[in-house]
Amino acid sequence: MKQEEVPTQSPVSANRRNFLKGAGIAGIGLATAAMVNNAFGPGEKKVEAAQYADAEILNFALNLEYLEAEFYLMATYNTTLVRHGVIKASDESGPTTGGHRVSSFGNFAYVATGLREDEIAHVKFLRSALGSAAVKKPAINLDALGYGFSSLNSFLKLARQFEDVGVSAYLGAAPFISSSKYLAAAAAILGTEAQHSGAVRQISIMAGATSPAVDSLDVPPSSSKPYDVDSNALSIPRTFSQVLNIVYHGGNCSGGFYPDGMNGSIVCKS
């Protein structure tokens, strides 16, 4: 993927439009911006999101990638990013606890392997893109919801939630990224997360795995609703606060999968 140099000063809307046109997804980008503006609601919510620098937004994404990578590493290898050598002990501010290897993935082991390798790659990619600005991996509790490891269906239950929320997080943040370089990085990862979501949703339906809604926006997979889209067949964006509400399990600045909160600037619900 060819990436542009980060401009020192650039017209935000023009950069977004030029990149999206070049990538052939201008319509999606404009629709996303409209949906996110609606999702944020009152004007102060939009200002809250727009006040963050691109690196802060990517660090928010990196926190989520840490969680996904740890989940898939634990479910497939019974290990963590540190023990697997992806990051050093000095690259985390707290340990990852909970979870264990899933006993059997049946015919879908290759999918679990692909998810693990992709999410590890995302951690490496974002850390490389952010350089010295990359935040450390925070403390993570993989047992936050009490499921994800006891069986294939338990794994699919949590994997589906992670992948759909991941798509919505990138979609919600994309319109506020000003640098074409960082927008390209976020868009590329969003595309991969969307592929993950589609695969996990389909397997969940085939396996009869029930994955409950994480909030009022969520569309759990079923034969009548195989995709996570709204009434206009558009993917659903979430604000930073909406994502934090899910991963903190209702906590304001910590809780759920992040017992000590995320690392970086975007760490509390507004």
# chains A, B, ... in the order shown; residues from 1 in each chain; ligands from 1

call {"tool": "closest_atom_pairs", "arguments": {"of": "segment 156-180 of chain A", "to": "segment 231-245 of chain A", "cutoff": "9 Å", "atoms": "only C-alpha atoms", "output": "tab-separated table"}}
result
residue	atom	partner	partner_atom	distance
A:Asp164	CA	A:Ile236	CA	8.9
A:Val165	CA	A:Val243	CA	7.1
A:Gly166	CA	A:Val243	CA	8.6
A:Val167	CA	A:Pro237	CA	7.7
A:Ser168	CA	A:Pro237	CA	4.3
A:Ala169	CA	A:Arg238	CA	5.5
A:Tyr170	CA	A:Pro237	CA	7.7
A:Leu171	CA	A:Pro237	CA	5.1
A:Gly172	CA	A:Pro237	CA	4.4
A:Ala173	CA	A:Thr239	CA	7.2

call {"tool": "select_by_dssp", "arguments": {"residues": "segment 143-251 of chain A", "states": "helix (DSSP H, G or I)", "output": "PyMOL selection string"}}
result
chain A and resi 152-176+180-207+240-247

call {"tool": "closest_atom_pairs", "arguments": {"of": "segment 173-228 of chain A", "to": "segment 149-159 of chain A", "cutoff": "10 Å", "atoms": "only C-alpha atoms", "output": "CSV"}}
result
residue,atom,partner,partner_atom,distance
A:His196,CA,A:Ala159,CA,9.2
A:Ser197,CA,A:Ala159,CA,8.5
A:Val200,CA,A:Leu156,CA,6.8
A:Arg201,CA,A:Leu156,CA,8.2
A:Ile203,CA,A:Leu156,CA,7.9
A:Ser204,CA,A:Leu156,CA,6.1
A:Ile205,CA,A:Leu156,CA,9.8
A:Ala207,CA,A:Asn153,CA,7.1
A:Gly208,CA,A:Asn153,CA,7.6
A:Ala209,CA,A:Asn153,CA,5.0
A:Thr210,CA,A:Lys157,CA,6.3
A:Ser211,CA,A:Lys157,CA,4.5
A:Pro212,CA,A:Lys157,CA,7.6
A:Pro220,CA,A:Lys157,CA,9.7

call {"tool": "write_last_selection", "arguments": {"atoms": "N, CA and C atoms", "output": "short mmCIF file (atom, residue, chain, number, x, y, z; two decimals), in the first residue's frame"}}
result
data_model
loop_
_atom_site.label_atom_id
_atom_site.label_comp_id
_atom_site.auth_asym_id
_atom_site.auth_seq_id
_atom_site.Cartn_x
_atom_site.Cartn_y
_atom_site.Cartn_z
N HIS A 196 -13.13 -9.93 8.53
CA HIS A 196 -13.21 -10.77 9.73
C HIS A 196 -14.66 -10.88 10.21
N SER A 197 -15.32 -9.74 10.29
CA SER A 197 -16.69 -9.71 10.77
C SER A 197 -17.59 -10.60 9.93
N VAL A 200 -16.73 -14.37 10.59
CA VAL A 200 -17.15 -14.85 11.92
C VAL A 200 -18.66 -14.89 12.03
N ARG A 201 -19.34 -13.91 11.45
CA ARG A 201 -20.81 -13.91 11.49
C ARG A 201 -21.37 -15.12 10.75
N ILE A 203 -19.89 -18.04 10.14
CA ILE A 203 -19.60 -19.26 10.89
C ILE A 203 -20.49 -19.36 12.12
N SER A 204 -20.76 -18.23 12.76
CA SER A 204 -21.64 -18.22 13.94
C SER A 204 -23.03 -18.72 13.57
N ILE A 205 -23.54 -18.30 12.43
CA ILE A 205 -24.86 -18.74 11.98
C ILE A 205 -24.83 -20.24 11.68
N ALA A 207 -22.80 -22.50 12.88
CA ALA A 207 -22.57 -23.28 14.09
C ALA A 207 -23.68 -23.14 15.12
N GLY A 208 -24.60 -22.23 14.88
CA GLY A 208 -25.68 -22.00 15.84
C GLY A 208 -25.21 -21.29 17.09
N ALA A 209 -24.15 -20.49 16.95
CA ALA A 209 -23.61 -19.74 18.09
C ALA A 209 -24.40 -18.45 18.30
N THR A 210 -24.95 -18.29 19.47
CA THR A 210 -25.71 -17.08 19.80
C THR A 210 -24.79 -16.04 20.41
N SER A 211 -24.73 -14.87 19.78
CA SER A 211 -23.86 -13.79 20.26
C SER A 211 -24.73 -12.59 20.58
N PRO A 212 -24.97 -12.32 21.85
CA PRO A 212 -25.90 -11.26 22.25
C PRO A 212 -25.44 -9.87 21.83
N PRO A 220 -26.93 -8.67 16.15
CA PRO A 220 -26.37 -10.02 16.25
C PRO A 220 -26.66 -10.83 15.00
#

call {"tool": "closest_atom_pairs", "arguments": {"of": "segment 51-166 of chain A", "to": "segment 249-264 of chain A", "cutoff": "8 Å", "atoms": "only C-alpha atoms", "output": "Markdown table"}}
result
| residue | atom | partner | partner_atom | distance |
| --- | --- | --- | --- | --- |
| A:Glu56 | CA | A:Gly264 | CA | 6.8 |
| A:Asn59 | CA | A:Gly264 | CA | 6.5 |
| A:Phe60 | CA | A:Gly264 | CA | 7.0 |
| A:Asn63 | CA | A:Met262 | CA | 6.4 |
| A:Leu67 | CA | A:Phe257 | CA | 7.8 |
| A:Val135 | CA | A:Asn263 | CA | 6.1 |
| A:Lys136 | CA | A:Asn263 | CA | 6.8 |
| A:Lys137 | CA | A:Asn263 | CA | 7.3 |
| A:Pro138 | CA | A:Met262 | CA | 5.9 |
| A:Ala139 | CA | A:Tyr258 | CA | 6.0 |
| A:Ile140 | CA | A:Tyr258 | CA | 5.0 |
| A:Asn141 | CA | A:Phe257 | CA | 4.8 |
| A:Leu142 | CA | A:Phe257 | CA | 6.1 |
| A:Asp143 | CA | A:Phe257 | CA | 7.6 |
| A:Ala144 | CA | A:Gly256 | CA | 5.1 |
| A:Leu145 | CA | A:Gly256 | CA | 7.4 |

call {"tool": "closest_residue", "arguments": {"among": "A:Ser216, A:Ala69, A:Asp230, A:Ala199", "to": "Lys124 of chain A", "atoms": "only C-alpha atoms"}}
result
A:Ala69

call {"tool": "residues_around", "arguments": {"residues": "Leu62 of chain A", "least_positions_apart": "2", "cutoff": "8 Å", "atoms": "only C-alpha atoms", "output": "list in words"}}
result
Leu58, Asn59, Phe60, Leu64, Glu65, Tyr66, Val123, Leu126, Arg127, Ala134 and Val135 of chain A

call {"tool": "atom_distance", "arguments": {"atom1": "atom CA of Met74 of chain A", "atom2": "atom CA of Leu115 of chain A"}}
result
12.0 Å

call {"tool": "select_by_dssp", "arguments": {"residues": "segment 73-266 of chain A", "states": "strand (DSSP E or B)", "output": "PyMOL selection string"}}
result
chain A and resi 92+96-97+137+140-141+229+235+255+258

call {"tool": "atom_distance", "arguments": {"atom1": "atom CA of Val82 of chain A", "atom2": "atom CA of Phe125 of chain A"}}
result
16.3 Å
